[in-house]
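Asker: Enclosed is the structure file entry-v2.csv (CSV, C-alpha atoms and all ligand atoms).
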```
chain,number,residue,atom,x,y,z
A,1,MET,CA,0.0,0.0,0.0
A,2,PRO,CA,1.4,3.5,-0.8
A,3,ASN,CA,2.5,5.7,2.1
A,4,LYS,CA,0.0,8.3,3.1
A,5,ILE,CA,0.5,11.8,1.6
A,6,LEU,CA,1.4,14.4,4.2
A,7,ASN,CA,-0.4,17.6,3.5
A,8,VAL,CA,1.4,20.6,4.8
A,9,ALA,CA,0.2,24.3,4.6
A,10,SER,CA,2.8,27.0,4.4
A,11,ILE,CA,2.2,30.5,5.8
A,12,CYS,CA,4.5,33.4,5.0
A,13,GLY,CA,4.8,36.1,7.6
A,14,SER,CA,5.7,38.8,5.1
A,15,LEU,CA,3.4,40.4,2.6
A,16,ARG,CA,5.9,42.3,0.6
A,17,LYS,CA,6.4,41.3,-3.1
A,18,GLY,CA,10.1,40.9,-2.9
A,19,SER,CA,10.0,38.9,0.4
A,20,TYR,CA,12.9,36.6,1.1
A,21,ASN,CA,10.7,34.5,3.3
A,22,ARG,CA,8.2,34.1,0.5
A,23,MET,CA,11.1,33.1,-1.9
A,24,VAL,CA,12.2,30.5,0.6
A,25,MET,CA,8.6,29.3,1.1
A,26,ASN,CA,8.2,28.9,-2.7
A,27,THR,CA,11.2,26.6,-2.9
A,28,LEU,CA,10.1,24.2,-0.1
A,29,GLN,CA,8.2,21.7,-2.3
A,30,GLY,CA,11.4,21.1,-4.2
A,31,TYR,CA,13.2,20.1,-1.0
A,32,ALA,CA,10.4,18.1,0.6
A,33,PRO,CA,10.7,14.4,1.2
A,34,GLU,CA,8.7,12.0,-1.0
A,35,GLY,CA,5.1,12.0,0.1
A,36,MET,CA,5.0,15.5,1.5
A,37,ARG,CA,2.8,18.0,-0.3
A,38,ILE,CA,3.3,21.6,0.6
A,39,ILE,CA,0.6,24.1,-0.4
A,40,GLU,CA,0.5,27.8,0.4
A,41,ALA,CA,-2.3,28.6,2.8
A,42,PRO,CA,-4.9,31.2,1.8
A,43,SER,CA,-3.5,34.7,2.4
A,44,PHE,CA,-4.2,36.8,5.6
A,45,ALA,CA,-3.5,40.0,3.6
A,46,ASP,CA,-7.2,41.0,3.7
A,47,PHE,CA,-7.9,40.2,7.3
A,48,PRO,CA,-9.3,43.2,9.2
A,49,LEU,CA,-7.6,44.0,12.5
A,50,TYR,CA,-8.9,41.7,15.1
A,51,ASN,CA,-11.9,43.1,16.8
A,52,ALA,CA,-14.3,41.0,18.8
A,53,ASP,CA,-17.1,43.3,17.7
A,54,ILE,CA,-16.7,42.2,14.1
A,55,GLN,CA,-16.8,38.6,15.2
A,56,ASN,CA,-19.9,39.2,17.2
A,57,SER,CA,-21.8,41.2,14.7
A,58,ALA,CA,-20.9,40.1,11.2
A,59,GLY,CA,-19.2,36.8,12.2
A,60,PHE,CA,-15.8,35.6,11.1
A,61,PRO,CA,-14.7,37.2,7.8
A,62,ALA,CA,-14.5,34.8,4.8
A,63,PRO,CA,-10.7,35.0,4.5
A,64,VAL,CA,-10.3,34.0,8.2
A,65,ARG,CA,-12.5,31.0,7.7
A,66,ALA,CA,-10.7,30.1,4.5
A,67,LEU,CA,-7.3,30.0,6.3
A,68,ALA,CA,-8.8,28.1,9.2
A,69,ASP,CA,-10.3,25.5,7.0
A,70,VAL,CA,-7.0,24.8,5.3
A,71,ILE,CA,-5.1,24.7,8.6
A,72,ARG,CA,-7.7,22.2,10.0
A,73,ALA,CA,-7.4,20.0,6.9
A,74,THR,CA,-3.6,19.7,6.8
A,75,ASP,CA,-1.3,17.4,8.7
A,76,GLY,CA,1.1,20.2,9.5
A,77,VAL,CA,1.8,23.9,9.1
A,78,ILE,CA,5.2,25.6,8.2
A,79,PHE,CA,5.6,29.2,9.1
A,80,VAL,CA,8.2,31.1,7.1
A,81,SER,CA,8.5,34.5,8.6
A,82,PRO,CA,10.7,37.4,9.3
A,83,GLU,CA,11.2,39.0,12.7
A,84,TYR,CA,9.7,42.4,13.2
A,85,ASN,CA,11.0,44.4,16.2
A,86,TYR,CA,12.1,41.3,18.0
A,87,SER,CA,8.8,39.5,17.5
A,88,ILE,CA,6.1,38.1,15.2
A,89,PRO,CA,5.1,40.5,12.3
A,90,GLY,CA,1.8,42.2,13.2
A,91,GLY,CA,0.0,40.9,10.2
A,92,LEU,CA,0.8,37.3,11.0
A,93,LYS,CA,0.0,37.7,14.7
A,94,ASN,CA,-3.3,39.3,13.7
A,95,ALA,CA,-4.0,36.3,11.5
A,96,ILE,CA,-3.2,33.8,14.3
A,97,ASP,CA,-5.4,35.8,16.7
A,98,TRP,CA,-8.4,35.7,14.3
A,99,VAL,CA,-8.1,32.0,13.5
A,100,SER,CA,-7.6,31.2,17.2
A,101,ARG,CA,-11.1,32.5,18.1
A,102,LEU,CA,-12.9,30.0,15.8
A,103,PRO,CA,-14.7,27.0,17.3
A,104,ASN,CA,-12.8,23.8,16.7
A,105,GLN,CA,-9.7,25.9,17.1
A,106,PRO,CA,-7.6,25.1,14.0
A,107,PHE,CA,-4.2,24.9,15.6
A,108,ALA,CA,-5.2,22.5,18.3
A,109,ASN,CA,-2.9,19.4,18.0
A,110,LYS,CA,-1.5,20.8,14.8
A,111,LEU,CA,2.2,19.9,14.0
A,112,ILE,CA,4.2,23.0,13.4
A,113,ALA,CA,7.6,23.9,11.9
A,114,ILE,CA,9.2,27.3,11.7
A,115,GLN,CA,11.7,28.9,9.4
A,116,SER,CA,12.9,32.5,9.2
A,117,ALA,CA,14.8,34.5,6.6
A,118,THR,CA,16.3,38.0,6.8
A,119,GLY,CA,18.4,40.3,4.7
A,120,GLY,CA,20.5,41.0,7.7
A,121,ALA,CA,23.2,38.8,9.2
A,122,LEU,CA,21.1,37.5,12.0
A,123,GLY,CA,17.5,37.6,13.1
A,124,GLY,CA,14.4,35.5,13.4
A,125,GLY,CA,15.2,33.8,16.7
A,126,ARG,CA,13.0,36.1,18.8
A,127,MET,CA,10.1,35.8,16.3
A,128,GLN,CA,10.5,32.0,16.5
A,129,TYR,CA,10.4,32.0,20.3
A,130,ASP,CA,7.3,34.2,20.4
A,131,LEU,CA,5.6,32.1,17.7
A,132,ARG,CA,6.4,29.0,19.8
A,133,ARG,CA,4.8,30.6,22.8
A,134,CYS,CA,1.6,31.4,20.8
A,135,MET,CA,1.5,27.8,19.6
A,136,ILE,CA,1.8,26.5,23.1
A,137,PHE,CA,-1.3,28.5,24.1
A,138,LEU,CA,-3.1,27.1,21.1
A,139,ASP,CA,-2.2,23.5,21.9
A,140,ALA,CA,-0.2,23.1,18.7
A,141,LEU,CA,3.0,20.9,18.8
A,142,THR,CA,6.0,22.8,17.4
A,143,MET,CA,9.0,20.8,16.3
A,144,ASN,CA,12.2,21.7,18.2
A,145,LYS,CA,14.9,20.9,15.7
A,146,PRO,CA,16.4,21.4,13.2
A,147,GLU,CA,15.9,25.1,13.4
A,148,ILE,CA,16.2,27.2,10.3
A,149,PHE,CA,17.5,30.8,10.4
A,150,ILE,CA,18.6,32.1,7.0
A,151,GLY,CA,20.7,35.2,7.2
A,152,ASN,CA,22.3,37.4,4.5
A,153,CYS,CA,19.6,36.4,2.1
A,154,SER,CA,20.9,38.6,-0.7
A,155,GLN,CA,23.9,36.3,-0.9
A,156,ARG,CA,22.1,33.0,-0.4
A,157,ILE,CA,19.1,33.6,-2.7
A,158,ASP,CA,19.1,34.5,-6.4
A,159,GLU,CA,16.6,37.3,-6.3
A,160,LYS,CA,15.9,37.0,-10.1
A,161,THR,CA,14.9,33.4,-10.0
A,162,GLY,CA,13.9,33.1,-6.3
A,163,GLN,CA,16.1,30.0,-6.0
A,164,ILE,CA,18.3,29.4,-3.0
A,165,LYS,CA,21.9,29.2,-4.2
A,166,ASP,CA,23.6,28.3,-1.0
A,167,GLU,CA,24.0,24.5,-0.6
A,168,GLN,CA,24.3,24.6,3.2
A,169,THR,CA,21.0,26.4,3.4
A,170,ILE,CA,19.4,23.9,1.0
A,171,GLY,CA,20.8,21.0,3.1
A,172,LEU,CA,19.4,22.4,6.3
A,173,ILE,CA,15.9,22.9,4.7
A,174,LYS,CA,16.0,19.3,3.4
A,175,GLN,CA,16.9,18.1,6.9
A,176,GLN,CA,14.2,20.1,8.5
A,177,LEU,CA,11.5,18.9,6.1
A,178,ALA,CA,12.6,15.3,6.5
A,179,ALA,CA,12.5,15.7,10.3
A,180,PHE,CA,9.1,17.3,10.0
A,181,ALA,CA,7.7,14.3,8.1
A,182,LYS,CA,8.9,12.1,10.9
A,183,PHE,CA,7.5,14.5,13.5
A,184,ILE,CA,4.1,14.4,11.8
A,185,ALA,CA,4.2,10.6,11.9
A,186,GLN,CA,5.3,10.5,15.5
A,187,PRO,CA,5.0,13.8,17.3
A,188,SER,CA,6.4,12.5,20.6
A,189,GLY,CA,9.7,14.2,19.8
A,190,LYS,CA,11.5,11.0,19.0
A,191,ILE,CA,12.8,12.0,15.6
A,201,LIG,C1,9.1,46.7,10.9
A,201,LIG,C2,10.3,45.9,10.7
A,201,LIG,C3,11.0,45.5,11.8
A,201,LIG,C4,12.1,44.7,11.7
A,201,LIG,N1,12.7,44.2,12.9
A,201,LIG,C5,13.6,43.3,12.8
A,201,LIG,C6,14.1,42.6,13.9
A,201,LIG,O1,13.7,42.8,15.0
A,201,LIG,N2,15.0,41.6,13.7
A,201,LIG,C7,15.5,41.3,12.5
A,201,LIG,O2,16.4,40.4,12.4
A,201,LIG,N3,15.1,42.0,11.4
A,201,LIG,C8,14.2,42.9,11.5
A,201,LIG,N4,13.7,43.5,10.4
A,201,LIG,C9,14.3,43.2,9.1
A,201,LIG,C10,13.7,42.1,8.4
A,201,LIG,O3,14.1,40.9,9.0
A,201,LIG,C11,14.0,42.1,6.9
A,201,LIG,O4,13.6,43.2,6.3
A,201,LIG,C12,13.5,40.9,6.2
A,201,LIG,O5,14.1,40.7,5.0
A,201,LIG,C13,12.0,41.0,6.0
A,201,LIG,O6,11.5,39.8,5.5
A,201,LIG,P1,11.0,39.7,4.0
A,201,LIG,O7,12.2,39.8,3.1
A,201,LIG,O8,10.4,38.3,3.9
A,201,LIG,O9,10.0,40.7,3.7
A,201,LIG,C14,12.6,44.4,10.5
A,201,LIG,C15,12.0,44.8,9.3
A,201,LIG,C16,10.8,45.6,9.4
A,201,LIG,C17,10.1,46.1,8.2
```
Written as structure tokens, that's how I'd like the structure from this file.
Answerer:
Amino acid sequence: MPNKILNVASICGSLRKGSYNRMVMNTLQGYAPEGMRIIEAPSFADFPLYNADIQNSAGFPAPVRALADVIRATDGVIFVSPEYNYSIPGGLKNAIDWVSRLPNQPFANKLIAIQSATGGALGGGRMQYDLRRCMIFLDALTMNKPEIFIGNCSQRIDEKTGQIKDEQTIGLIKQQLAAFAKFIAQPSGKI
């Protein structure tokens, strides 16, 4: 019998067109192990700022429900996000806040992996810690290792093609995705 396909949704924390994180996210399928299908989750770009009054009067906006439905339907979620001011970009945090208020909370028991990319030399670690904390509250299970922090992106990514040109970075991404496949199969941490 063929192995089960692992469906993974990717969520990019940056909305800008030339985003390094988006470029990295777009390459992931090419580095995924056999049987892992990575599909970009519906965008949070059109989410209003979270306001319980909207939720209580008009209900959850359609783009919020669309993202939540995809998160619920997948085996795992990969966040690929920059760090803003030592934390989670506001747009991404707003998206998590919206989705977290839905019944049948979509992140509960969801398997999570995190990557971050930056044009600077370092960065992403504090965003990753804060995102891990949010995921704890939401009862998601975030994989510990391997961690992915891609610095100096202008040297590691060909901005014309969007391809990663640094073999070490590619190797780390492959390792993380392979570990994520095992983590999804056995989330006890024994990977
Ligand atoms: C509002 C803002 C705050 C930022 N704060 C940080 C930070 O705290 N740490 C860091 O490493 N980079 C920070 N940066 C730089 C981003 O990591 C860098 O611009 C990154 O390339 C953005 O991701 P993107 O290329 O996917 O859009 C910040 C950028 C912006 C726009």
Asker: Select the residues contacting ligand LIG 201 (chain A) at a distance of at most 10 Å, based on only C-alpha atoms and all ligand atoms, then format the selection as a PyMOL selection string.
Answerer: chain A and resi 12-25+80-90+116-127+149-154
Asker: Selection from above, C-alpha atoms, as a PDB file, in the coordinates of the input, can you write it?
Answerer:
```pdb
ATOM      1  CA  CYS A  12       4.500  33.400   5.000  1.00  0.00           C
ATOM      2  CA  GLY A  13       4.800  36.100   7.600  1.00  0.00           C
ATOM      3  CA  SER A  14       5.700  38.800   5.100  1.00  0.00           C
ATOM      4  CA  LEU A  15       3.400  40.400   2.600  1.00  0.00           C
ATOM      5  CA  ARG A  16       5.900  42.300   0.600  1.00  0.00           C
ATOM      6  CA  LYS A  17       6.400  41.300  -3.100  1.00  0.00           C
ATOM      7  CA  GLY A  18      10.100  40.900  -2.900  1.00  0.00           C
ATOM      8  CA  SER A  19      10.000  38.900   0.400  1.00  0.00           C
ATOM      9  CA  TYR A  20      12.900  36.600   1.100  1.00  0.00           C
ATOM     10  CA  ASN A  21      10.700  34.500   3.300  1.00  0.00           C
ATOM     11  CA  ARG A  22       8.200  34.100   0.500  1.00  0.00           C
ATOM     12  CA  MET A  23      11.100  33.100  -1.900  1.00  0.00           C
ATOM     13  CA  VAL A  24      12.200  30.500   0.600  1.00  0.00           C
ATOM     14  CA  MET A  25       8.600  29.300   1.100  1.00  0.00           C
ATOM     15  CA  VAL A  80       8.200  31.100   7.100  1.00  0.00           C
ATOM     16  CA  SER A  81       8.500  34.500   8.600  1.00  0.00           C
ATOM     17  CA  PRO A  82      10.700  37.400   9.300  1.00  0.00           C
ATOM     18  CA  GLU A  83      11.200  39.000  12.700  1.00  0.00           C
ATOM     19  CA  TYR A  84       9.700  42.400  13.200  1.00  0.00           C
ATOM     20  CA  ASN A  85      11.000  44.400  16.200  1.00  0.00           C
ATOM     21  CA  TYR A  86      12.100  41.300  18.000  1.00  0.00           C
ATOM     22  CA  SER A  87       8.800  39.500  17.500  1.00  0.00           C
ATOM     23  CA  ILE A  88       6.100  38.100  15.200  1.00  0.00           C
ATOM     24  CA  PRO A  89       5.100  40.500  12.300  1.00  0.00           C
ATOM     25  CA  GLY A  90       1.800  42.200  13.200  1.00  0.00           C
ATOM     26  CA  SER A 116      12.900  32.500   9.200  1.00  0.00           C
ATOM     27  CA  ALA A 117      14.800  34.500   6.600  1.00  0.00           C
ATOM     28  CA  THR A 118      16.300  38.000   6.800  1.00  0.00           C
ATOM     29  CA  GLY A 119      18.400  40.300   4.700  1.00  0.00           C
ATOM     30  CA  GLY A 120      20.500  41.000   7.700  1.00  0.00           C
ATOM     31  CA  ALA A 121      23.200  38.800   9.200  1.00  0.00           C
ATOM     32  CA  LEU A 122      21.100  37.500  12.000  1.00  0.00           C
ATOM     33  CA  GLY A 123      17.500  37.600  13.100  1.00  0.00           C
ATOM     34  CA  GLY A 124      14.400  35.500  13.400  1.00  0.00           C
ATOM     35  CA  GLY A 125      15.200  33.800  16.700  1.00  0.00           C
ATOM     36  CA  ARG A 126      13.000  36.100  18.800  1.00  0.00           C
ATOM     37  CA  MET A 127      10.100  35.800  16.300  1.00  0.00           C
ATOM     38  CA  PHE A 149      17.500  30.800  10.400  1.00  0.00           C
ATOM     39  CA  ILE A 150      18.600  32.100   7.000  1.00  0.00           C
ATOM     40  CA  GLY A 151      20.700  35.200   7.200  1.00  0.00           C
ATOM     41  CA  ASN A 152      22.300  37.400   4.500  1.00  0.00           C
ATOM     42  CA  CYS A 153      19.600  36.400   2.100  1.00  0.00           C
ATOM     43  CA  SER A 154      20.900  38.600  -0.700  1.00  0.00           C
TER      44      SER A 154
END
```
Asker: Which residues, written as a list in words, have at least one atom at most 7 Å from Ala108 in chain A, with all atoms listed in the file counted and residues fewer than 4 positions away on the same chain left out?
Answerer: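 My list of contacting residues is Leu138, Asp139 and Ala140 of chain A.
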Asker: Around (2.9, 19.7, 3.5) in the file's frame, which residues reach within 8 Å when counting all atoms listed in the file? Return as a compact mmCIF listing (two decimals) with C-alpha atoms, keeping the file's coordinate frame?
Answerer:
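Result file is result09.txt:
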```txt
# COMPACT_ATOMS: atom_id res chain seq x y z
CA LEU A 6 1.40 14.40 4.20
CA ASN A 7 -0.40 17.60 3.50
CA VAL A 8 1.40 20.60 4.80
CA ALA A 9 0.20 24.30 4.60
CA SER A 10 2.80 27.00 4.40
CA MET A 36 5.00 15.50 1.50
CA ARG A 37 2.80 18.00 -0.30
CA ILE A 38 3.30 21.60 0.60
CA ILE A 39 0.60 24.10 -0.40
CA THR A 74 -3.60 19.70 6.80
CA ASP A 75 -1.30 17.40 8.70
CA GLY A 76 1.10 20.20 9.50
CA VAL A 77 1.80 23.90 9.10
CA ILE A 78 5.20 25.60 8.20
```
Asker: Between CA of Lys145 in chain A and CA of Gly30 in chain A, what distance in Å does the model show, to one decimal?
Answerer: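 Calculated distance between CA of Lys145 in chain A and CA of Gly30 in chain A is 20.2 Å.
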Asker: What's around Leu67 in chain A at 7 Å? Count all atoms listed in the file, leave out sequence neighbours fewer than 4 positions away in its own chain, and write the answer as an mmCIF file with C-alpha atoms, keeping the file's coordinate frame.
Answerer:
```cif
data_model
loop_
_atom_site.group_PDB
_atom_site.id
_atom_site.type_symbol
_atom_site.label_atom_id
_atom_site.label_comp_id
_atom_site.auth_asym_id
_atom_site.auth_seq_id
_atom_site.Cartn_x
_atom_site.Cartn_y
_atom_site.Cartn_z
ATOM 1 C CA ALA A 41 -2.300 28.600 2.800
ATOM 2 C CA PRO A 42 -4.900 31.200 1.800
ATOM 3 C CA PRO A 63 -10.700 35.000 4.500
ATOM 4 C CA ILE A 71 -5.100 24.700 8.600
#
```
Asker: Using only C-alpha atoms, which protein or nucleic acid residues come within 12 Å of Gly171 in chain A? Drop anything in the same chain fewer than 4 positions from it, and give the result as a list in words.
Answerer: Leu28, Gly30, Tyr31, Ala32, Pro146, Ile148, Ile150, Ile164, Lys165, Asp166, Glu167, Gln175, Gln176, Leu177 and Ala178 of chain A
Asker: If you measure from CA of Tyr50 in chain A to CA of Ile96 in chain A, what distance in Å do you get, rounded to one decimal?
Answerer: 9.8 Å
Asker: Take range 34-114 of chain A from the preceding structure and save C-alpha atoms as a tab-separated table (two decimals), in the first residue's frame.
Answerer:
```
chain	number	residue	atom	x	y	z
A	34	GLU	CA	8.70	12.01	-0.95
A	35	GLY	CA	5.07	12.00	0.07
A	36	MET	CA	5.03	15.52	1.54
A	37	ARG	CA	2.83	18.00	-0.32
A	38	ILE	CA	3.34	21.64	0.65
A	39	ILE	CA	0.64	24.09	-0.40
A	40	GLU	CA	0.51	27.79	0.41
A	41	ALA	CA	-2.31	28.56	2.80
A	42	PRO	CA	-4.86	31.24	1.83
A	43	SER	CA	-3.49	34.72	2.44
A	44	PHE	CA	-4.19	36.77	5.55
A	45	ALA	CA	-3.54	40.01	3.64
A	46	ASP	CA	-7.22	40.97	3.69
A	47	PHE	CA	-7.93	40.17	7.33
A	48	PRO	CA	-9.29	43.17	9.22
A	49	LEU	CA	-7.56	44.03	12.47
A	50	TYR	CA	-8.90	41.66	15.09
A	51	ASN	CA	-11.90	43.14	16.82
A	52	ALA	CA	-14.34	40.99	18.78
A	53	ASP	CA	-17.14	43.34	17.72
A	54	ILE	CA	-16.70	42.24	14.08
A	55	GLN	CA	-16.76	38.62	15.15
A	56	ASN	CA	-19.88	39.16	17.25
A	57	SER	CA	-21.82	41.23	14.68
A	58	ALA	CA	-20.86	40.07	11.18
A	59	GLY	CA	-19.22	36.78	12.16
A	60	PHE	CA	-15.80	35.60	11.10
A	61	PRO	CA	-14.65	37.18	7.80
A	62	ALA	CA	-14.48	34.81	4.82
A	63	PRO	CA	-10.66	35.01	4.49
A	64	VAL	CA	-10.33	34.01	8.17
A	65	ARG	CA	-12.54	30.98	7.65
A	66	ALA	CA	-10.65	30.08	4.47
A	67	LEU	CA	-7.31	30.04	6.28
A	68	ALA	CA	-8.75	28.14	9.23
A	69	ASP	CA	-10.31	25.49	6.98
A	70	VAL	CA	-6.97	24.83	5.32
A	71	ILE	CA	-5.11	24.65	8.65
A	72	ARG	CA	-7.66	22.17	9.99
A	73	ALA	CA	-7.44	20.04	6.85
A	74	THR	CA	-3.64	19.71	6.81
A	75	ASP	CA	-1.31	17.42	8.72
A	76	GLY	CA	1.09	20.24	9.52
A	77	VAL	CA	1.83	23.93	9.11
A	78	ILE	CA	5.17	25.55	8.23
A	79	PHE	CA	5.56	29.21	9.12
A	80	VAL	CA	8.19	31.06	7.10
A	81	SER	CA	8.46	34.50	8.60
A	82	PRO	CA	10.71	37.44	9.26
A	83	GLU	CA	11.15	38.96	12.69
A	84	TYR	CA	9.75	42.44	13.21
A	85	ASN	CA	10.98	44.43	16.19
A	86	TYR	CA	12.14	41.29	17.96
A	87	SER	CA	8.82	39.51	17.53
A	88	ILE	CA	6.11	38.14	15.21
A	89	PRO	CA	5.11	40.49	12.34
A	90	GLY	CA	1.85	42.20	13.23
A	91	GLY	CA	-0.04	40.87	10.20
A	92	LEU	CA	0.84	37.28	11.03
A	93	LYS	CA	0.00	37.72	14.72
A	94	ASN	CA	-3.33	39.27	13.75
A	95	ALA	CA	-4.03	36.26	11.51
A	96	ILE	CA	-3.25	33.83	14.33
A	97	ASP	CA	-5.44	35.84	16.70
A	98	TRP	CA	-8.40	35.70	14.30
A	99	VAL	CA	-8.06	32.01	13.54
A	100	SER	CA	-7.63	31.17	17.22
A	101	ARG	CA	-11.10	32.46	18.09
A	102	LEU	CA	-12.93	30.01	15.85
A	103	PRO	CA	-14.74	27.02	17.29
A	104	ASN	CA	-12.84	23.76	16.66
A	105	GLN	CA	-9.70	25.86	17.08
A	106	PRO	CA	-7.60	25.07	13.99
A	107	PHE	CA	-4.16	24.94	15.64
A	108	ALA	CA	-5.16	22.46	18.34
A	109	ASN	CA	-2.90	19.40	18.00
A	110	LYS	CA	-1.47	20.79	14.76
A	111	LEU	CA	2.16	19.92	14.00
A	112	ILE	CA	4.23	23.04	13.36
A	113	ALA	CA	7.63	23.85	11.86
A	114	ILE	CA	9.17	27.31	11.71
```
